[in-house]
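Visitor: Sharing structure.txt below, compact mmCIF, C-alpha atoms:
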# COMPACT_ATOMS: atom_id res chain seq x y z
CA MET D 21 -20.86 73.23 18.12
CA SER D 22 -23.66 75.38 16.71
CA ARG D 23 -25.67 72.32 15.68
CA PHE D 24 -25.35 70.78 19.15
CA GLU D 25 -26.42 74.08 20.75
CA ARG D 26 -29.48 74.25 18.46
CA TYR D 27 -30.31 70.61 19.21
CA LEU D 28 -30.28 71.35 22.95
CA GLN D 29 -32.39 74.50 22.44
CA ASN D 30 -34.95 72.67 20.29
CA ARG D 31 -35.28 69.79 22.74
CA ASP D 32 -35.37 72.05 25.81
CA THR D 33 -33.29 69.41 27.58
CA GLY D 34 -31.10 71.66 29.69
CA TYR D 35 -27.39 71.25 29.13
CA GLY D 36 -25.18 69.00 27.03
CA LEU D 37 -21.64 67.74 27.49
CA LEU D 38 -19.07 67.18 24.74
CA ILE D 39 -17.11 63.97 25.17
CA HIS D 40 -14.03 63.38 23.00
CA ASP D 41 -11.74 60.44 22.53
CA ASN D 42 -8.64 61.26 24.56
CA ASN D 43 -6.08 62.48 22.08
CA GLU D 44 -3.41 64.62 23.67
CA THR D 45 -2.55 66.32 20.38
CA VAL D 46 -6.02 67.84 19.99
CA ALA D 47 -7.28 68.07 23.61
CA LYS D 48 -5.66 71.44 24.31
CA ARG D 49 -6.82 72.88 20.98
CA HIS D 50 -10.42 71.69 21.53
CA THR D 51 -10.44 73.07 25.07
CA GLU D 52 -9.18 76.47 23.87
CA LEU D 53 -11.69 76.48 21.02
CA MET D 54 -14.50 75.73 23.49
CA LYS D 55 -13.40 78.68 25.65
CA THR D 56 -13.57 80.92 22.58
CA PHE D 57 -17.03 79.65 21.61
CA LEU D 58 -18.35 80.26 25.12
CA ARG D 59 -16.89 83.76 25.26
CA GLU D 60 -17.69 84.91 21.69
CA GLY D 61 -20.17 82.39 20.28
CA THR D 62 -19.78 80.73 16.92
CA LEU D 63 -20.40 82.23 13.50
CA TRP D 64 -24.10 81.29 13.81
CA THR D 65 -25.07 81.39 17.48
CA LYS D 66 -24.12 82.07 21.08
CA ILE D 67 -23.45 79.02 23.24
CA HIS D 68 -25.69 78.77 26.32
CA HIS D 69 -26.55 75.09 26.69
CA VAL D 70 -23.19 73.32 26.29
CA ILE D 71 -21.19 72.66 29.45
CA GLU D 72 -18.04 74.74 29.30
CA THR D 73 -15.37 72.06 29.56
CA PRO D 74 -15.22 69.13 27.14
CA MET D 75 -14.45 65.76 28.70
CA PHE D 76 -11.72 63.54 27.25
CA VAL D 77 -11.92 59.78 27.78
CA ASP D 78 -10.14 56.65 26.60
CA SER D 79 -12.43 55.22 23.92
CA GLN D 80 -11.34 51.69 24.77
CA LEU D 81 -12.99 52.13 28.17
CA THR D 82 -16.12 53.98 27.10
CA ASN D 83 -18.86 52.31 25.08
CA MET D 84 -20.52 55.57 24.06
CA VAL D 85 -17.37 56.88 22.36
CA GLN D 86 -17.04 53.54 20.58
CA LEU D 87 -20.66 53.91 19.46
CA ALA D 88 -19.93 57.41 18.10
CA ASP D 89 -16.94 55.94 16.22
CA LEU D 90 -19.23 53.27 14.74
CA CYS D 91 -21.71 55.94 13.58
CA ALA D 92 -18.90 57.92 11.95
CA TYR D 93 -17.66 54.73 10.28
CA ALA D 94 -21.15 54.03 8.89
CA LEU D 95 -21.43 57.55 7.46
CA ARG D 96 -17.99 57.39 5.90
CA ARG D 97 -18.57 53.96 4.32
CA TYR D 98 -21.84 55.22 2.82
CA LEU D 99 -20.28 58.37 1.36
CA GLU D 100 -17.14 56.68 0.07
CA ASN D 101 -18.48 53.26 -0.99
CA ASP D 102 -22.29 53.53 -1.11
CA GLU D 103 -22.58 50.98 1.71
CA GLU D 104 -26.07 51.47 3.10
CA THR D 105 -26.65 48.71 5.67
CA LEU D 106 -25.08 50.40 8.72
CA PHE D 107 -25.73 53.88 7.35
CA ASP D 108 -29.50 53.33 7.19
CA LEU D 109 -29.52 52.29 10.87
CA VAL D 110 -27.61 55.40 11.89
CA PHE D 111 -29.30 57.88 9.56
CA GLN D 112 -32.81 57.08 10.76
CA ARG D 113 -31.75 58.47 14.15
CA ALA D 114 -30.41 61.79 12.80
CA ASP D 115 -31.83 64.99 14.26
CA ARG D 116 -34.67 66.43 12.20
CA ILE D 117 -36.76 69.55 12.21
CA GLY D 118 -40.03 68.51 10.66
CA THR D 119 -39.06 66.43 7.64
CA THR D 120 -35.70 68.13 7.12
CA THR D 121 -32.61 66.31 8.36
CA VAL D 122 -30.33 68.73 10.19
CA GLY D 123 -28.19 66.41 12.34
CA VAL D 124 -26.05 65.01 9.50
CA ARG D 125 -24.41 67.09 6.81
CA HIS D 126 -22.62 66.19 3.57
CA PHE D 127 -20.32 68.95 2.36
CA THR D 128 -20.05 68.35 -1.36
CA SER D 129 -20.88 69.86 -4.71
CA HIS D 130 -24.26 71.43 -5.36
CA GLY D 131 -26.77 68.99 -6.78
CA CYS D 132 -25.68 65.90 -4.85
CA MET D 133 -28.67 63.65 -4.28
CA CYS D 134 -27.25 61.15 -1.80
CA LYS D 135 -29.64 60.26 1.03
CA ILE D 136 -28.10 62.92 3.29
CA CYS D 137 -28.44 65.74 0.76
CA ALA D 138 -31.88 64.61 -0.37
CA ALA D 139 -33.16 64.57 3.23
CA ARG D 140 -31.81 68.07 3.81
CA VAL D 141 -33.94 69.60 1.06
CA SER D 142 -37.14 67.67 1.82
When written as structure tokens, how does the structure in this file appear?

Guide:
Amino acid sequence: MSRFERYLQNRDTGYGLLIHDNNETVAKRHTELMKTFLREGTLWTKIHHVIETPMFVDSQLTNMVQLADLCAYALRRYLENDEETLFDLVFQRADRIGTTTVGVRHFTSHGCMCKICAARVS
């Protein structure tokens, strides 16, 4: 949430909307979490540019959610199997501040030099 808020602030694009694949088991939890973020902020920032209610849609009917799933698949295949073909297409579009990649994060041990970690310290 904080990263999306910062992205919207940096781009001065107005407001952004969170769209989730419709999953009844997490929809209520995500909606409640969003209410908390809007009321209290996150650990790193207050939320001012994200529309208050996330939208839940059936991914089979929405191409953009399918595209997000494909991006997540490409990232996972790179991190788990070093498959770079799809990853390179997705990663070149990651949000950056100057030469530092901020829109994709790899939470791993210190010293990792995968493309994601290397681009974060550039």

Visitor: For the point (-22.1, 57.5, 8.5) in file coordinates, what residues are within 12 Å, counting all atoms listed in the file? Give the answer as number ranges by chain?

Guide: D: 87-114, 123-126, 135-136

Visitor: Please determine, counting all atoms listed in the file, which residue among D:Thr119, D:Asn30, D:Thr51, D:Thr128 has the shortest atom-to-atom distance to Ile71 (chain D).

Guide: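 For Ile71 (chain D), the nearest of the candidates is D:Thr51.
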
Visitor: At a cut-off of 7 Å from (-26.9, 68.4, 25.7) in the coordinates of the file, what residues are picked up using all atoms listed in the file, written as a ChimeraX atom specification?

Guide: /D:28,33-37,69-70

Visitor: Between D:Ile39, D:Ala47, D:Ile117, D:Met75, which one has atoms that come closest to Arg26 (chain D), using only C-alpha atoms?

Guide: D:Ile117

Visitor: Could you jot down the CA of Glu25 (chain D) to CA of Arg140 (chain D) separation for me, Å, one decimal place?

Guide: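 The value is 18.8 Å.
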
Visitor: By how many Å are CA of Phe76 (chain D) and CA of Lys48 (chain D) apart?

Guide: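 Between CA of Phe76 (chain D) and CA of Lys48 (chain D) the gap is 10.4 Å.
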
Visitor: Could you tell me how far CA of Thr62 (chain D) sits from CA of Ser129 (chain D), in Å to one decimal place?

Guide: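 Atom-to-atom, CA of Ser129 (chain D) and CA of Thr62 (chain D) are spaced 24.2 Å apart.
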
Visitor: Looking at D:Met21, D:Val77, D:Val85, D:Val141, which one is nearest to Gly61 (chain D), with distances taken over all atoms listed in the file?

Guide: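 The answer is D:Met21, which sits nearest to Gly61 (chain D).
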
Visitor: Between D:Gln86, D:Gln80, D:Thr73, D:Thr121, which is the closest to His50 (chain D) once you count only C-alpha atoms?

Guide: D:Thr73
